[in-house]
Amino acid sequence: MAEYVKSATTGRDWEVVIGLEIHAQLATRTKIFSGSPTAYGAPPNSQANLVDLGYPGVLPVLNAEAVRMAIRFGLATGSTVARRSVFARKNYFYPDLPKGYQISQYEKPVVEHGSIDVLLDDGVIKTIGITRAHLEEDAGKSMHEGLGAFSGIDLNRAGTPLLEIVSEPDMRSAKEAVAYLKKIHTLVRYLEICDGNMQEGSFRCDANVSVRPVGQEKLGTRAELKNINSFRFVEKAIHFEVARQIELLESGGKVVQETRLYDSARDETRSMRSKEEANDYRYFPDPDLLPLVISDAEVEAVRASLPELPDEKAARFCRDHGLSVYDAGVLTSSRELAAYYEAVVVAAGGEPKLCANWVMGEIAGLLNRDNLEITAARVDATALVGLLRRIIDNTVSNKLAKEVLLAMWDEGRSADAVIEAKGLKQITDSGALEAVIRQVIEANPEQVAGYRGGKDKLFGFFVGQAMKASGGKANPGQLNDLLKRLLAG
Amino acid sequence: MSLHTLSIAELASGLQQKQFSATELARHFIARGEAHNGLLNAYITLTPERALADAALADARLARGEGGVLTGIPLAQKDIFCTDGIRTTCASRMLDGFVAPYDATVVERLAAAGTVLLGKTNMDEFAMGSSNETSYYGPVRNPWDTARVPGGSSGGSAAVVAARLAPVATGTDTGGSIRQPAALTGISGIKPTYGRVSRYGMIAFASSLDQAGIMAPSAEDCALLLEVMSGFDPRDSTSVDVPVPAYSKQLTPSVQGLRIGVVREFFEGGLDAANAALVKAALQVYVDQGAVLVDVSCPNMGLSVPTYYVVAPAECSSNLSRFDGVRFGHRCEQPKDLMDLYKRSRGEGFGAEVKRRIMTGTYLLSAGYYDAYYLKAQQVRQLISREFAAAFTQADVLVGPTSPTPAFPLGNQGDDPITMYLNDIYTIGANLAGLPAMSIPCGFLQGLPLGLQLIGPHFTESRLLATAHAYQQATDWHRRVPAAYV
Amino acid sequence: MSLTRRDVENIAHLARLSLSDAELSVATASLTAILAFVDQLSALDATGLEPMAHPLPDQVQRLRPDVVTETDQHVKYQANASQLEAALYLVPKVIE
């Protein structure tokens with residue numbers, strides 16, 4: 001099952017080792033250490049108060065909700081929630097870092113030693129270790145356009161709470177890395193601790209990538225890839241970096257431990273030398289903050305408030321609904337999608353496989369076509385069930401139902417209204433259907449003779465002709481039965 | 001009767017009984033400040049307009065019968081506390097033009113009590129120094145001998161009180177910065193328990209050691225101010241939510257049965273015999289009042305100074321990183337790139353001692369040295385704290401000298417940082433352990449005042465103030481005023 | 001341990017401080033002296049002593065409710081800034 005990369009030039013097999021550092025902005029109302037709002041897109045510096053600006057004399061006070069969210073994540077990943085953790089200062093100078101240090105957690109993070117299971121394409125479930133998750137503050141943003149020889153600093157984002165989630169170097173391919181990243185993305189949204197918006201930077205990822213010859217135990221020197229702000233880019237950035245490192249090593253070079261920036265426009269990674277020099281962060285416990293102590297009671301209260309998690313939900317869908325592991329995985333990839341699917345099953349009063357097929361197939365297709373989220377689906381669960389009922393009671397065929405759904409989606413009408421208006425109702429009156437079949441038999445005497453003479457294959461021809469003559473509205477089962485009887489003469 | 005020799009209680013009573021108005025009182029002290037600041041250089045900024053506005057408000061409150069004890073009482077703020085609309089310099093070129101857009105909690109609380117702001121006092125730059133000579137605005141002169149230093153870092157506050165340019169002044173104490181200048185200028189000063197007074201709005205030097213306090217002629221004056229300054233502040237995570245006793249109501253003059261621990265190590269080594277004799281004489285006053293002297297030992301007290309000079313520079317190197325020339329503070333001319341902006345803004349904005357401490361701290365925290373120095377210092381800090389705790393099982397209050405020497409001449413200590421750092425040899429321990437400590441005047445050596453230091457367990461400010469008060473009932477050192485300022 | 005001029009230059013760089021040649025010489029001597037002074041600590045066996053980061057041992061971090069308390073005051077807060085444009089703080093161009 002191990003997946004290796006074969007060098008194009010030497011044919012040698014290389015093993016890829018990947019660990020991810022994910023920065024999830026916590027969905028609190030206010031910043032981690034101040035009462036400033038955290039809304040995205042506000043005018044420059046309008047959401048940066050004295051604490052966020054690092055004014056002389058001001059002090060940080062920790063946001064209770066950020067702590068609660070970190071606990072939620074810890075519990076959802078089977079991690080240890082530290083009963084005592086410590087905030088530390090990471091010292092470095094950068095214009096978007098107002099105090100000249102970032103308040104983070106270093107030696108004693110709030111969450112440690114967890115894991116999640118990811119489902120890979122080949123159906124294998126792989127466990128990825130979570131080394132730690134710690135609370136820290138986000139930096140501001142630098143603008144480089146239209147300011148001449150200057151950069152402009154907007155500190156609205158400074159102090160936004162982040163949960164930095166550090167994985168073990170457990171991933172062996174870009175695909176695994178993406179699967180892990182997607183799983184964490186799913187999880188933080190289930191937990192309602194992060195909105196997961198990658199465009200706005202609420203969910204960001206750095207990848208530590210190294211390669212080693214297959215069989216070598218010692219890890220290769222890694223490069224840290226920054227600025228990968230979509231699932232697709234994670235895959236592309238890792239592919240590029242793996243190829244670069246293999247080529248470098250095979251041509252006698254050495255991988256340098258460094259930070260590399262992924263440039264999506266050029267699809268390449270390049271060294272960020274500016275950030276490299278003198279990386280001595282001089283961590284020490286922040287004397288302005290006291291140890292964060294979390295009681296068992298607090299942990300239990302958070303545990304009691306946890307929603308059903310994606311893996312639990314998926315297991316239930318497999319067990320109670322008889323869905324495949326794959327289908328259950330797809331349907332639980334977001335809490336909203338799972339909720340939609342469940343609402344359909346409840347309204348339909350059963351038929352989970354039919355419901356799943358329609359949600360994953362036609363509904364997902366239309367969402368994708370219109371670039372909508374499931375919460376904005378133009379056909380809600382009740383309306384979809386209105387259609388499914390007409391399939392179950394043979395009013396429409398499966399095929400015509402897709403046409404009905406399209407009209408429901410685009411015109412906002414109910415299934416019955418569309419079926420009525422378009423006259424798509426199946427012909428179930430056997431008299432009417434018999435008349436149609438008789439016409440077909442009369443119009444094709446040669447084929448009738450052939451069939452009756454033993455050419456069974458011609459049966460399909462009659463089905464097609466009769467279905468066509470019915471305008472597609474014939475019930476397929478009924479049609480088959482009648483045809484057999486009438487052709488038999 | 002002259003207004004500047006009255007105690008806070010006497011001033012309060014005069015104001016309540018309308019013997020004089022807050023405005024008259026403010027005018028009196030404004031005039032004294034203007035007359036004497038030229039020589040003493042004790043204020044960086046005088047705020048006469050603000051004082052008169054505050055006094056007018058106080059008079060209105062008093063007229064309505066609303067004011068409290070501090071309504072109309074003039075005071076000086078150390079220029080380390082942020083004051084909304086009035087510049088706050090921390091005695092640094094870095095903050096020469098800086099006007100904070102907010103009030104420190106200490107400033108807010110004292111203003112709410114109706115005090116009248118006379119000005120912002122000079123200090124060592126960013127509170128780093130023990131002589132007030134590191135100020136960007138020049139040294140403060142000691143009112144007892146203007147060729148000498150007043151101590152530091154709260155040297156300006158000490159000088160304004162000693163010269164009676166203000167009845168009381170705030171200070172901050174990271175390693176002795178209230179107690180040592182109080183001793184060297186013949187006044188009383190208390191550094192309360194760490195966490196007792198909010199640090200919000202007090203420009204940080206070393207966050208785990210910094211504590212605000214008060215400086216005034218007597219312990220009674222200190223008590224009246226401290227009970228208003230103190231208290232829980234939700235904006236400071238290290239502020240402690242413990243009720244504040246009415247210190248001024250607990251000044252029982254009796255020390256009958258009080259166990260006074262004489263810390264052996266304070267009297268060993270370099271302490272001058274005459275200084276020791278003054279302290280011993282002060283202890284006799286307590287014995288005469290019924291207190292019991294107990295010999296106690298804190299064997300590793302000698303390591304407090306090197307411990308401090310790891311912890312304080314480490315914290316300061318990080319605390320002062322925010323001064324980068326971008327959002328506030330000094331910005332160099334025409335920076336050629338970002339690195340140049342940082343290096344020159346900071347290089348020009350900070351003075352020599354501040355740069356020295358930033359570099360020391362930067363080095364001590366850097367990769368490879370952290371465990372050997374910073375972590376080790378934190379362990380020794382633990383050890384010293386335990387030794388204090390052990391001593392407090394035998395004694396209610398610990399005593400010793402405040403300063404190894406009386407005020408030294410300006411420019412005397414030159415470039416050797418260690419000589420300067422050793423001025424705080426008796427005071428630093430209380431900061432490391434977060435203990436309340438105070439200095440009270442206990443006599444003179446060649447015409448220069450010296451102090452007796454009292455140290456108590458956490459949150460025993462009442463006991464310290466009462467113990468100091470008892471001494472001041474029996475002595476009059478705290479009433480002495482330099483001849484030129486009577 | 002004795003610091004070299006080069007060591008002090010590196011420290012000054014890490015601390016983002018420009019130093020004149022004269023300042024560098026003084027700093028080299030005084031930092032060496034300070035390090036020798038604080039090196040007294042190395043003589044002590046501190047085994048088993050819990051490092052003490054805060055003077056009050058029993059205090060723990062207090063938490064703030066997640067409630068917005070701040071309003072936009074950037075005009076007031078930016079009054080101390082030397083160089084601004086469109087409410088952005090300006091620095092010499094940062095190249096990444």
# chains A, B, ... in the order shown; residues from 1 in each chain; ligands from 1
>>> closest_atom_pairs(of="chain C", to="chain B", cutoff="6 Å", atoms="only C-alpha atoms", output="tab-separated table")
residue	atom	partner	partner_atom	distance
C:Arg16	CA	B:Lys343	CA	4.6
C:Leu17	CA	B:Lys343	CA	4.4
C:Ser18	CA	B:Gly347	CA	4.6
C:Val38	CA	B:Pro306	CA	4.5
C:Leu49	CA	B:Gln379	CA	5.4
C:Glu50	CA	B:Gln379	CA	5.9
C:Pro51	CA	B:Gln379	CA	4.3
C:Met52	CA	B:Gln378	CA	4.8
C:His54	CA	B:Ser208	CA	5.9
C:Pro55	CA	B:Gly434	CA	4.8
C:Asn80	CA	B:Phe328	CA	4.7
C:Ala81	CA	B:Arg327	CA	4.6
C:Pro92	CA	B:Asp337	CA	5.2
>>> write_last_selection(atoms="N, CA and C atoms", output="compact mmCIF listing (two decimals), in the first residue's frame")
# COMPACT_ATOMS: atom_id res chain seq x y z
N ARG C 16 17.79 44.37 16.94
CA ARG C 16 17.53 45.50 16.03
C ARG C 16 17.95 46.84 16.65
N LEU C 17 19.23 46.91 17.00
CA LEU C 17 19.78 48.14 17.56
C LEU C 17 21.00 48.54 16.73
N SER C 18 21.02 49.77 16.24
CA SER C 18 22.23 50.26 15.60
C SER C 18 23.16 50.77 16.71
N VAL C 38 26.45 37.37 36.26
CA VAL C 38 25.29 36.48 36.39
C VAL C 38 25.72 35.02 36.37
N LEU C 49 14.39 22.18 41.76
CA LEU C 49 13.67 23.43 41.99
C LEU C 49 12.81 23.75 40.77
N GLU C 50 11.53 23.88 41.01
CA GLU C 50 10.61 24.23 39.93
C GLU C 50 10.88 25.66 39.47
N PRO C 51 11.12 25.87 38.16
CA PRO C 51 11.34 27.25 37.70
C PRO C 51 10.14 28.13 38.05
N MET C 52 10.40 29.33 38.49
CA MET C 52 9.32 30.21 38.96
C MET C 52 9.16 31.37 37.97
N HIS C 54 6.30 33.29 37.85
CA HIS C 54 5.46 34.33 38.44
C HIS C 54 5.65 34.37 39.94
N PRO C 55 5.61 35.56 40.51
CA PRO C 55 5.87 35.65 41.94
C PRO C 55 4.77 35.08 42.82
N ASN C 80 -0.13 58.98 17.12
CA ASN C 80 1.28 58.86 17.47
C ASN C 80 2.14 58.29 16.33
N ALA C 81 1.52 57.95 15.21
CA ALA C 81 2.27 57.32 14.13
C ALA C 81 2.93 58.36 13.24
N PRO C 92 9.13 51.00 5.15
CA PRO C 92 9.80 50.78 3.87
C PRO C 92 9.39 49.42 3.30
>>> interface_residues(of="chain A", to="chain C", cutoff="6 Å", atoms="only C-alpha atoms", output="list in words")
Thr30, Gly35, Ser36, Pro37, Pro44, Ser46, Leu62, Asn63, Ala64, Glu65, Ala149, Phe150, Ser151, Gly152, Ile153, Asp154, Leu290, Pro291 and Leu292 of chain A
>>> write_last_selection(atoms="N, CA and C atoms", output="CSV table (one decimal), in the first residue's frame")
chain,number,residue,atom,x,y,z
A,30,THR,N,-14.5,38.0,19.4
A,30,THR,CA,-13.5,38.9,19.7
A,30,THR,C,-12.1,38.3,19.7
A,35,GLY,N,-10.9,42.8,23.5
A,35,GLY,CA,-12.3,42.8,23.1
A,35,GLY,C,-12.6,43.4,21.8
A,36,SER,N,-11.6,43.5,20.9
A,36,SER,CA,-11.9,44.0,19.5
A,36,SER,C,-12.6,42.9,18.7
A,37,PRO,N,-13.5,43.4,17.8
A,37,PRO,CA,-14.2,42.4,16.9
A,37,PRO,C,-13.3,41.8,15.9
A,44,PRO,N,-9.2,49.4,7.1
A,44,PRO,CA,-7.9,49.2,7.7
A,44,PRO,C,-7.8,49.8,9.2
A,46,SER,N,-9.4,49.6,11.7
A,46,SER,CA,-10.6,50.0,12.5
A,46,SER,C,-11.0,48.9,13.6
A,62,LEU,N,-7.1,36.7,28.4
A,62,LEU,CA,-7.4,35.6,27.5
A,62,LEU,C,-8.9,35.4,27.3
A,63,ASN,N,-9.3,35.2,26.1
A,63,ASN,CA,-10.7,35.0,25.7
A,63,ASN,C,-11.2,33.5,26.1
A,64,ALA,N,-12.2,33.4,26.9
A,64,ALA,CA,-12.7,32.1,27.4
A,64,ALA,C,-13.1,31.2,26.2
A,65,GLU,N,-13.8,31.9,25.2
A,65,GLU,CA,-14.3,31.1,24.1
A,65,GLU,C,-13.2,30.4,23.3
A,149,ALA,N,7.2,53.3,-2.5
A,149,ALA,CA,8.4,52.6,-1.8
A,149,ALA,C,8.0,52.0,-0.5
A,150,PHE,N,6.7,52.0,-0.2
A,150,PHE,CA,6.3,51.6,1.2
A,150,PHE,C,5.4,50.4,1.1
A,151,SER,N,5.3,49.7,2.2
A,151,SER,CA,4.3,48.7,2.5
A,151,SER,C,3.4,49.3,3.5
A,152,GLY,N,2.1,49.0,3.5
A,152,GLY,CA,1.1,49.5,4.4
A,152,GLY,C,0.7,48.4,5.4
A,153,ILE,N,0.6,48.7,6.7
A,153,ILE,CA,0.3,47.7,7.6
A,153,ILE,C,-1.2,47.9,8.2
A,154,ASP,N,-1.9,46.8,8.1
A,154,ASP,CA,-3.3,46.8,8.6
A,154,ASP,C,-3.3,45.8,9.7
A,290,LEU,N,-0.8,34.2,33.0
A,290,LEU,CA,-0.6,33.2,34.0
A,290,LEU,C,-0.9,31.8,33.4
A,291,PRO,N,-0.5,30.8,34.1
A,291,PRO,CA,-0.8,29.4,33.5
A,291,PRO,C,-2.2,29.2,33.3
A,292,LEU,N,-2.6,28.6,32.1
A,292,LEU,CA,-4.0,28.3,31.8
A,292,LEU,C,-4.3,27.0,32.4
>>> interface_residues(of="chain A", to="chain B", cutoff="10 Å", atoms="only C-alpha atoms", output="PyMOL selection string")
chain A and resi 33-34+50+53-62+89-95+97-101+149-151+153+279-290
>>> select_by_dssp(residues="region 274-383 of chain B", states="strand (DSSP E or B)", output="PDB file with C-alpha atoms, in the first residue's frame")
ATOM      1  CA  VAL B 292      10.738  40.923  69.615  1.00  0.00           C
ATOM      2  CA  LEU B 293      13.807  40.665  67.417  1.00  0.00           C
ATOM      3  CA  VAL B 294      14.402  37.303  65.769  1.00  0.00           C
ATOM      4  CA  ASP B 295      17.540  36.281  63.960  1.00  0.00           C
ATOM      5  CA  VAL B 296      16.607  34.852  60.562  1.00  0.00           C
TER       6      VAL B 296
END
>>> closest_residue(among="A:Ala82, A:Val404, A:Leu219, A:Leu424", to="Leu387 (chain A)", atoms="only C-alpha atoms")
A:Val404
>>> decode(residues="region 41-80 of chain C", atoms="N, CA and C atoms", output="PDB file, in the first residue's frame")
ATOM      1  N   LEU C  41      25.372  32.220  39.154  1.00  0.00           N
ATOM      2  CA  LEU C  41      24.254  31.283  39.322  1.00  0.00           C
ATOM      3  C   LEU C  41      24.653  29.859  38.983  1.00  0.00           C
ATOM      4  N   SER C  42      25.634  29.726  38.090  1.00  0.00           N
ATOM      5  CA  SER C  42      25.973  28.373  37.632  1.00  0.00           C
ATOM      6  C   SER C  42      26.564  27.529  38.759  1.00  0.00           C
ATOM      7  N   ALA C  43      27.083  28.201  39.788  1.00  0.00           N
ATOM      8  CA  ALA C  43      27.697  27.462  40.892  1.00  0.00           C
ATOM      9  C   ALA C  43      26.644  26.742  41.742  1.00  0.00           C
ATOM     10  N   LEU C  44      25.420  27.225  41.684  1.00  0.00           N
ATOM     11  CA  LEU C  44      24.377  26.655  42.535  1.00  0.00           C
ATOM     12  C   LEU C  44      23.767  25.405  41.909  1.00  0.00           C
ATOM     13  N   ASP C  45      23.593  24.380  42.709  1.00  0.00           N
ATOM     14  CA  ASP C  45      22.891  23.184  42.226  1.00  0.00           C
ATOM     15  C   ASP C  45      21.400  23.404  42.426  1.00  0.00           C
ATOM     16  N   ALA C  46      20.692  23.552  41.328  1.00  0.00           N
ATOM     17  CA  ALA C  46      19.269  23.893  41.425  1.00  0.00           C
ATOM     18  C   ALA C  46      18.388  22.685  41.135  1.00  0.00           C
ATOM     19  N   THR C  47      18.951  21.514  41.219  1.00  0.00           N
ATOM     20  CA  THR C  47      18.197  20.292  40.920  1.00  0.00           C
ATOM     21  C   THR C  47      16.915  20.229  41.748  1.00  0.00           C
ATOM     22  N   GLY C  48      15.832  19.946  41.078  1.00  0.00           N
ATOM     23  CA  GLY C  48      14.569  19.753  41.785  1.00  0.00           C
ATOM     24  C   GLY C  48      13.801  21.030  42.063  1.00  0.00           C
ATOM     25  N   LEU C  49      14.393  22.177  41.757  1.00  0.00           N
ATOM     26  CA  LEU C  49      13.667  23.434  41.985  1.00  0.00           C
ATOM     27  C   LEU C  49      12.808  23.750  40.765  1.00  0.00           C
ATOM     28  N   GLU C  50      11.533  23.880  41.005  1.00  0.00           N
ATOM     29  CA  GLU C  50      10.605  24.227  39.933  1.00  0.00           C
ATOM     30  C   GLU C  50      10.878  25.662  39.473  1.00  0.00           C
ATOM     31  N   PRO C  51      11.119  25.870  38.159  1.00  0.00           N
ATOM     32  CA  PRO C  51      11.341  27.247  37.699  1.00  0.00           C
ATOM     33  C   PRO C  51      10.138  28.127  38.046  1.00  0.00           C
ATOM     34  N   MET C  52      10.396  29.334  38.494  1.00  0.00           N
ATOM     35  CA  MET C  52       9.323  30.213  38.958  1.00  0.00           C
ATOM     36  C   MET C  52       9.162  31.367  37.974  1.00  0.00           C
ATOM     37  N   ALA C  53       8.058  31.337  37.245  1.00  0.00           N
ATOM     38  CA  ALA C  53       7.828  32.359  36.222  1.00  0.00           C
ATOM     39  C   ALA C  53       7.036  33.542  36.784  1.00  0.00           C
ATOM     40  N   HIS C  54       6.299  33.289  37.853  1.00  0.00           N
ATOM     41  CA  HIS C  54       5.458  34.330  38.438  1.00  0.00           C
ATOM     42  C   HIS C  54       5.655  34.367  39.942  1.00  0.00           C
ATOM     43  N   PRO C  55       5.612  35.562  40.510  1.00  0.00           N
ATOM     44  CA  PRO C  55       5.873  35.653  41.942  1.00  0.00           C
ATOM     45  C   PRO C  55       4.769  35.079  42.816  1.00  0.00           C
ATOM     46  N   LEU C  56       3.545  34.999  42.302  1.00  0.00           N
ATOM     47  CA  LEU C  56       2.477  34.437  43.137  1.00  0.00           C
ATOM     48  C   LEU C  56       2.164  33.036  42.621  1.00  0.00           C
ATOM     49  N   PRO C  57       2.521  32.020  43.378  1.00  0.00           N
ATOM     50  CA  PRO C  57       2.493  30.656  42.853  1.00  0.00           C
ATOM     51  C   PRO C  57       1.095  30.107  42.550  1.00  0.00           C
ATOM     52  N   ASP C  58       0.077  30.556  43.262  1.00  0.00           N
ATOM     53  CA  ASP C  58      -1.227  29.915  43.123  1.00  0.00           C
ATOM     54  C   ASP C  58      -2.143  30.570  42.091  1.00  0.00           C
ATOM     55  N   GLN C  59      -1.670  31.654  41.514  1.00  0.00           N
ATOM     56  CA  GLN C  59      -2.554  32.370  40.598  1.00  0.00           C
ATOM     57  C   GLN C  59      -2.615  31.656  39.248  1.00  0.00           C
ATOM     58  N   VAL C  60      -3.807  31.639  38.680  1.00  0.00           N
ATOM     59  CA  VAL C  60      -3.969  31.048  37.355  1.00  0.00           C
ATOM     60  C   VAL C  60      -4.627  32.067  36.420  1.00  0.00           C
ATOM     61  N   GLN C  61      -4.528  31.778  35.143  1.00  0.00           N
ATOM     62  CA  GLN C  61      -5.040  32.731  34.159  1.00  0.00           C
ATOM     63  C   GLN C  61      -6.557  32.886  34.270  1.00  0.00           C
ATOM     64  N   ARG C  62      -6.975  34.135  34.310  1.00  0.00           N
ATOM     65  CA  ARG C  62      -8.395  34.468  34.340  1.00  0.00           C
ATOM     66  C   ARG C  62      -8.874  34.572  32.897  1.00  0.00           C
ATOM     67  N   LEU C  63     -10.128  34.257  32.665  1.00  0.00           N
ATOM     68  CA  LEU C  63     -10.638  34.303  31.292  1.00  0.00           C
ATOM     69  C   LEU C  63     -11.655  35.424  31.138  1.00  0.00           C
ATOM     70  N   ARG C  64     -11.657  35.987  29.945  1.00  0.00           N
ATOM     71  CA  ARG C  64     -12.504  37.120  29.609  1.00  0.00           C
ATOM     72  C   ARG C  64     -13.680  36.596  28.782  1.00  0.00           C
ATOM     73  N   PRO C  65     -14.904  37.066  29.054  1.00  0.00           N
ATOM     74  CA  PRO C  65     -16.009  36.624  28.199  1.00  0.00           C
ATOM     75  C   PRO C  65     -15.816  37.133  26.764  1.00  0.00           C
ATOM     76  N   ASP C  66     -16.299  36.357  25.815  1.00  0.00           N
ATOM     77  CA  ASP C  66     -16.105  36.698  24.394  1.00  0.00           C
ATOM     78  C   ASP C  66     -17.131  37.755  23.970  1.00  0.00           C
ATOM     79  N   VAL C  67     -16.939  38.959  24.460  1.00  0.00           N
ATOM     80  CA  VAL C  67     -17.886  40.042  24.195  1.00  0.00           C
ATOM     81  C   VAL C  67     -17.119  41.247  23.645  1.00  0.00           C
ATOM     82  N   VAL C  68     -17.631  41.814  22.571  1.00  0.00           N
ATOM     83  CA  VAL C  68     -16.965  42.971  21.957  1.00  0.00           C
ATOM     84  C   VAL C  68     -17.080  44.173  22.893  1.00  0.00           C
ATOM     85  N   THR C  69     -15.926  44.753  23.226  1.00  0.00           N
ATOM     86  CA  THR C  69     -15.924  45.926  24.108  1.00  0.00           C
ATOM     87  C   THR C  69     -15.321  47.137  23.413  1.00  0.00           C
ATOM     88  N   GLU C  70     -14.809  46.948  22.201  1.00  0.00           N
ATOM     89  CA  GLU C  70     -14.041  48.008  21.550  1.00  0.00           C
ATOM     90  C   GLU C  70     -14.789  48.582  20.358  1.00  0.00           C
ATOM     91  N   THR C  71     -14.589  49.883  20.172  1.00  0.00           N
ATOM     92  CA  THR C  71     -15.140  50.536  18.977  1.00  0.00           C
ATOM     93  C   THR C  71     -13.973  51.075  18.157  1.00  0.00           C
ATOM     94  N   ASP C  72     -14.258  51.455  16.939  1.00  0.00           N
ATOM     95  CA  ASP C  72     -13.210  51.952  16.045  1.00  0.00           C
ATOM     96  C   ASP C  72     -12.695  53.313  16.529  1.00  0.00           C
ATOM     97  N   GLN C  73     -11.437  53.349  16.945  1.00  0.00           N
ATOM     98  CA  GLN C  73     -10.845  54.624  17.381  1.00  0.00           C
ATOM     99  C   GLN C  73      -9.512  54.841  16.686  1.00  0.00           C
ATOM    100  N   HIS C  74      -9.422  54.385  15.442  1.00  0.00           N
ATOM    101  CA  HIS C  74      -8.100  54.395  14.802  1.00  0.00           C
ATOM    102  C   HIS C  74      -7.537  55.799  14.626  1.00  0.00           C
ATOM    103  N   VAL C  75      -8.408  56.780  14.509  1.00  0.00           N
ATOM    104  CA  VAL C  75      -7.884  58.142  14.327  1.00  0.00           C
ATOM    105  C   VAL C  75      -7.108  58.561  15.574  1.00  0.00           C
ATOM    106  N   LYS C  76      -7.691  58.310  16.729  1.00  0.00           N
ATOM    107  CA  LYS C  76      -7.011  58.647  17.978  1.00  0.00           C
ATOM    108  C   LYS C  76      -5.748  57.805  18.158  1.00  0.00           C
ATOM    109  N   TYR C  77      -5.882  56.525  17.895  1.00  0.00           N
ATOM    110  CA  TYR C  77      -4.750  55.624  18.118  1.00  0.00           C
ATOM    111  C   TYR C  77      -3.600  55.888  17.143  1.00  0.00           C
ATOM    112  N   GLN C  78      -3.926  56.438  15.978  1.00  0.00           N
ATOM    113  CA  GLN C  78      -2.879  56.646  14.984  1.00  0.00           C
ATOM    114  C   GLN C  78      -2.219  58.021  15.106  1.00  0.00           C
ATOM    115  N   ALA C  79      -2.669  58.808  16.078  1.00  0.00           N
ATOM    116  CA  ALA C  79      -2.099  60.150  16.239  1.00  0.00           C
ATOM    117  C   ALA C  79      -0.606  60.090  16.567  1.00  0.00           C
ATOM    118  N   ASN C  80      -0.134  58.976  17.116  1.00  0.00           N
ATOM    119  CA  ASN C  80       1.281  58.860  17.466  1.00  0.00           C
ATOM    120  C   ASN C  80       2.140  58.294  16.330  1.00  0.00           C
TER     121      ASN C  80
END
